[in-house]
Amino acid sequence: MRYFGLARLALWRGNASLAQQMIDKRALEQTPGDPWVLMQKAELERSRNNFDDAEYWLNRAAVFFTEADQKEIRYAKTELALAKNDLPTASRLVSGFTENERMEAKSVIDNYELAHSGRIVGAVGIQHRTSAPTKQGNESSQNYAIYSPKTADGHDVYVRYGETRSPVSEETLTARFVGAGTELNFYPFNLNLEAGKGIHLNKRGYALANLDYELNQHWDFSLSGHYNGVNVPARAAAQDVYTRGGGFSAAYTYSDVLRAGAGAYLTRFTDGNLRRDLNFWLNTQTFKHDRWTLTNSFRIDHTKTNLSIRLITIIRQKRLA
């Protein structure tokens with residue numbers, strides 16, 4: 001056990017390659033049939049976000065365990081399901097625990113209850129303009145949501161309040177909205193639906209939808225769409241212009257070292273404008289030691305707005321008149 005403790009310490013201190021070498025030496029070379037070694041291999045892969053690999057090693061370990069020790073596999077598979085937000089599977093496994101197993105696996109049960117607990121989330125953002133006119137004030141946003149506890153399968157409901165402030169010349173345009181929504185967990189699919197109404201400046205109803213799909217430990221995809229709501233710029237709402245749109249994104253994860261993604265979104269304005277947004281982002285973990293982690297983030301956004309043919313025709317007609 002001291003050997004595996006040293007391997008976990010190496011991982012915690014940021015030396016993932018050393019931890020991988022120590023575990024692989026025992027799991028693949030010295031004692032490939034030892035189920036406890038294979039369990040340690042699965043734990044290492046789970047901690048590095050290699051969830052498919054972790055499940056593979058747990059299934060290999062299960063072959064060598066006696067019937068009495070199969071509970072160890074159930075504990076580990078519950079932790080794995082919680083790590084990748086597969087709450088339906090986690091609930092199915094926990095429901096099969098006996099009272100003694102619940103007491104024995106208290107840390108697993110604590111993590112399970114934490115994953116199902118309600119929560120309050122708040123976010124505040126500020127955007128500072130660095131190009132001319134630089135004297136223009138900062139744009140800001142606030143977003144607060146209260147989530148209910150999740151059901152056994154991971155579904156919940158929530159209420160939200162949002163606000164955006166956009167400076168225009170001598171005044172600041174403030175848009176506020178309230179809404180309610182639900183998060184539905186059908187792992188590997190996750191569906192988020194929300195509807196509400198603007199209560200200041202933007203006073204129309206809105207609807208949002210987002211569908212996420214996890215293909216495997218490396219790839220996940222997302223479809224999203226909106227009708228009005230916070231996606232409408234405050235300046236547009238002040239002119240009684242609203243939007244609808246949709247987009248697609250994909251992300252690739254390489255262990256706990258790198259995550260990259262790209263997306264595209266199309267927004268149509270009621271005044272005829274059409275905006276195309278493209279983005280690419282990259283997150284990397286550059287350094288980790290004990291409690292200290294250094295990560296780097298890189299993002300590129302490209303936006304292009306075109307007038308529709310219908311609006312161009314109207315402009316030309318006005319010029320001819």
# chains A, B, ... in the order shown; residues from 1 in each chain; ligands from 1
call {"tool": "residues_around", "arguments": {"residues": "Thr89 of chain A", "least_positions_apart": "6", "cutoff": "9 Å", "atoms": "only C-alpha atoms", "output": "number ranges by chain"}}
result
A: 77-78, 81-82, 153, 187
call {"tool": "select_by_dssp", "arguments": {"residues": "segment 11-178 of chain A", "states": "strand (DSSP E or B)", "output": "count of residues only"}}
result
39
call {"tool": "atom_distance", "arguments": {"atom1": "atom CA of Gly225 of chain A", "atom2": "atom CA of Leu282 of chain A"}}
result
23.3 Å
call {"tool": "residues_around", "arguments": {"residues": "Gly245 of chain A", "least_positions_apart": "6", "cutoff": "6 Å", "atoms": "only C-alpha atoms", "output": "PyMOL selection string"}}
result
chain A and resi 225-226+266-268
call {"tool": "residues_around", "arguments": {"residues": "segment 39-52 of chain A", "least_positions_apart": "2", "cutoff": "7 Å", "atoms": "only C-alpha atoms", "output": "NGL selection string"}}
result
:A and (23 or 27 or 35-37 or 54-58 or 61 or 80 or 216-217 or 255-256)
call {"tool": "select_by_dssp", "arguments": {"residues": "segment 32-275 of chain A", "states": "alpha helix (DSSP H)", "output": "PyMOL selection string"}}
result
chain A and resi 35-47+51-64+70-83+87-95+99-104+106-116+234-238
call {"tool": "write_last_selection", "arguments": {"atoms": "C-alpha atoms", "output": "CSV table (one decimal), in the first residue's frame"}}
result
chain,number,residue,atom,x,y,z
A,35,PRO,CA,-7.3,-6.9,-8.7
A,36,TRP,CA,-6.2,-4.3,-6.1
A,37,VAL,CA,-3.4,-3.1,-8.5
A,38,LEU,CA,-5.9,-2.9,-11.3
A,39,MET,CA,-8.2,-0.9,-9.0
A,40,GLN,CA,-5.3,1.6,-8.4
A,41,LYS,CA,-4.8,1.8,-12.2
A,42,ALA,CA,-8.5,2.6,-12.6
A,43,GLU,CA,-8.4,5.3,-9.8
A,44,LEU,CA,-5.4,6.9,-11.5
A,45,GLU,CA,-7.2,7.1,-14.9
A,46,ARG,CA,-10.3,8.5,-13.3
A,47,SER,CA,-8.3,11.2,-11.5
A,51,PHE,CA,-13.1,7.8,-17.7
A,52,ASP,CA,-13.4,5.1,-20.4
A,53,ASP,CA,-10.0,3.8,-19.5
A,54,ALA,CA,-11.0,3.8,-15.8
A,55,GLU,CA,-14.1,1.7,-16.5
A,56,TYR,CA,-12.0,-0.8,-18.6
A,57,TRP,CA,-9.6,-1.4,-15.7
A,58,LEU,CA,-12.4,-1.7,-13.2
A,59,ASN,CA,-14.0,-4.4,-15.4
A,60,ARG,CA,-10.7,-6.2,-15.5
A,61,ALA,CA,-10.3,-6.0,-11.8
A,62,ALA,CA,-13.9,-7.4,-11.2
A,63,VAL,CA,-12.9,-10.7,-12.9
A,64,PHE,CA,-10.3,-11.4,-10.2
A,70,GLN,CA,-17.3,-7.2,-5.6
A,71,LYS,CA,-18.6,-4.3,-3.5
A,72,GLU,CA,-15.3,-2.6,-4.0
A,73,ILE,CA,-16.0,-2.5,-7.7
A,74,ARG,CA,-19.4,-1.0,-7.0
A,75,TYR,CA,-17.9,1.7,-4.8
A,76,ALA,CA,-15.3,2.6,-7.5
A,77,LYS,CA,-17.9,2.6,-10.3
A,78,THR,CA,-20.1,4.9,-8.3
A,79,GLU,CA,-17.2,7.4,-7.9
A,80,LEU,CA,-16.5,7.1,-11.6
A,81,ALA,CA,-20.2,7.8,-12.5
A,82,LEU,CA,-20.2,10.9,-10.2
A,83,ALA,CA,-16.9,12.1,-11.7
A,87,LEU,CA,-26.0,10.5,-12.1
A,88,PRO,CA,-28.6,7.9,-13.4
A,89,THR,CA,-25.9,5.2,-13.1
A,90,ALA,CA,-24.6,6.5,-9.7
A,91,SER,CA,-28.2,6.3,-8.3
A,92,ARG,CA,-28.7,2.8,-9.6
A,93,LEU,CA,-25.5,1.6,-8.0
A,94,VAL,CA,-26.2,3.4,-4.7
A,95,SER,CA,-29.7,2.0,-4.5
A,99,GLU,CA,-26.9,-0.5,5.1
A,100,ASN,CA,-23.5,-1.9,6.0
A,101,GLU,CA,-22.1,-0.9,2.6
A,102,ARG,CA,-23.5,2.6,3.0
A,103,MET,CA,-21.6,3.0,6.3
A,104,GLU,CA,-18.5,1.4,4.9
A,106,LYS,CA,-19.4,6.9,3.7
A,107,SER,CA,-17.1,9.0,1.5
A,108,VAL,CA,-18.8,7.7,-1.6
A,109,ILE,CA,-22.3,8.4,-0.2
A,110,ASP,CA,-21.1,11.9,0.9
A,111,ASN,CA,-20.0,12.7,-2.7
A,112,TYR,CA,-23.3,11.3,-4.0
A,113,GLU,CA,-25.4,13.5,-1.8
A,114,LEU,CA,-23.2,16.5,-2.6
A,115,ALA,CA,-23.8,15.9,-6.3
A,116,HIS,CA,-27.5,15.9,-5.8
A,234,ALA,CA,-29.0,46.1,-24.9
A,235,ARG,CA,-28.5,48.6,-27.7
A,236,ALA,CA,-30.7,46.5,-30.0
A,237,ALA,CA,-33.4,46.0,-27.4
A,238,ALA,CA,-33.5,49.8,-26.9
call {"tool": "closest_residue", "arguments": {"among": "A:Phe97, A:Tyr265, A:Phe65, A:Trp12", "to": "Asn231 of chain A", "atoms": "only C-alpha atoms"}}
result
A:Tyr265
call {"tool": "residues_around", "arguments": {"residues": "Leu191 of chain A", "least_positions_apart": "5", "cutoff": "8 Å", "atoms": "only C-alpha atoms", "output": "list in words"}}
result
Glu183, Leu184, Asn185, Phe186, Ala209, Asn210, Leu211 and Asp212 of chain A
call {"tool": "closest_residue", "arguments": {"among": "A:Lys84, A:His289, A:His218, A:Arg204", "to": "Leu9 of chain A", "atoms": "only C-alpha atoms"}}
result
A:His289
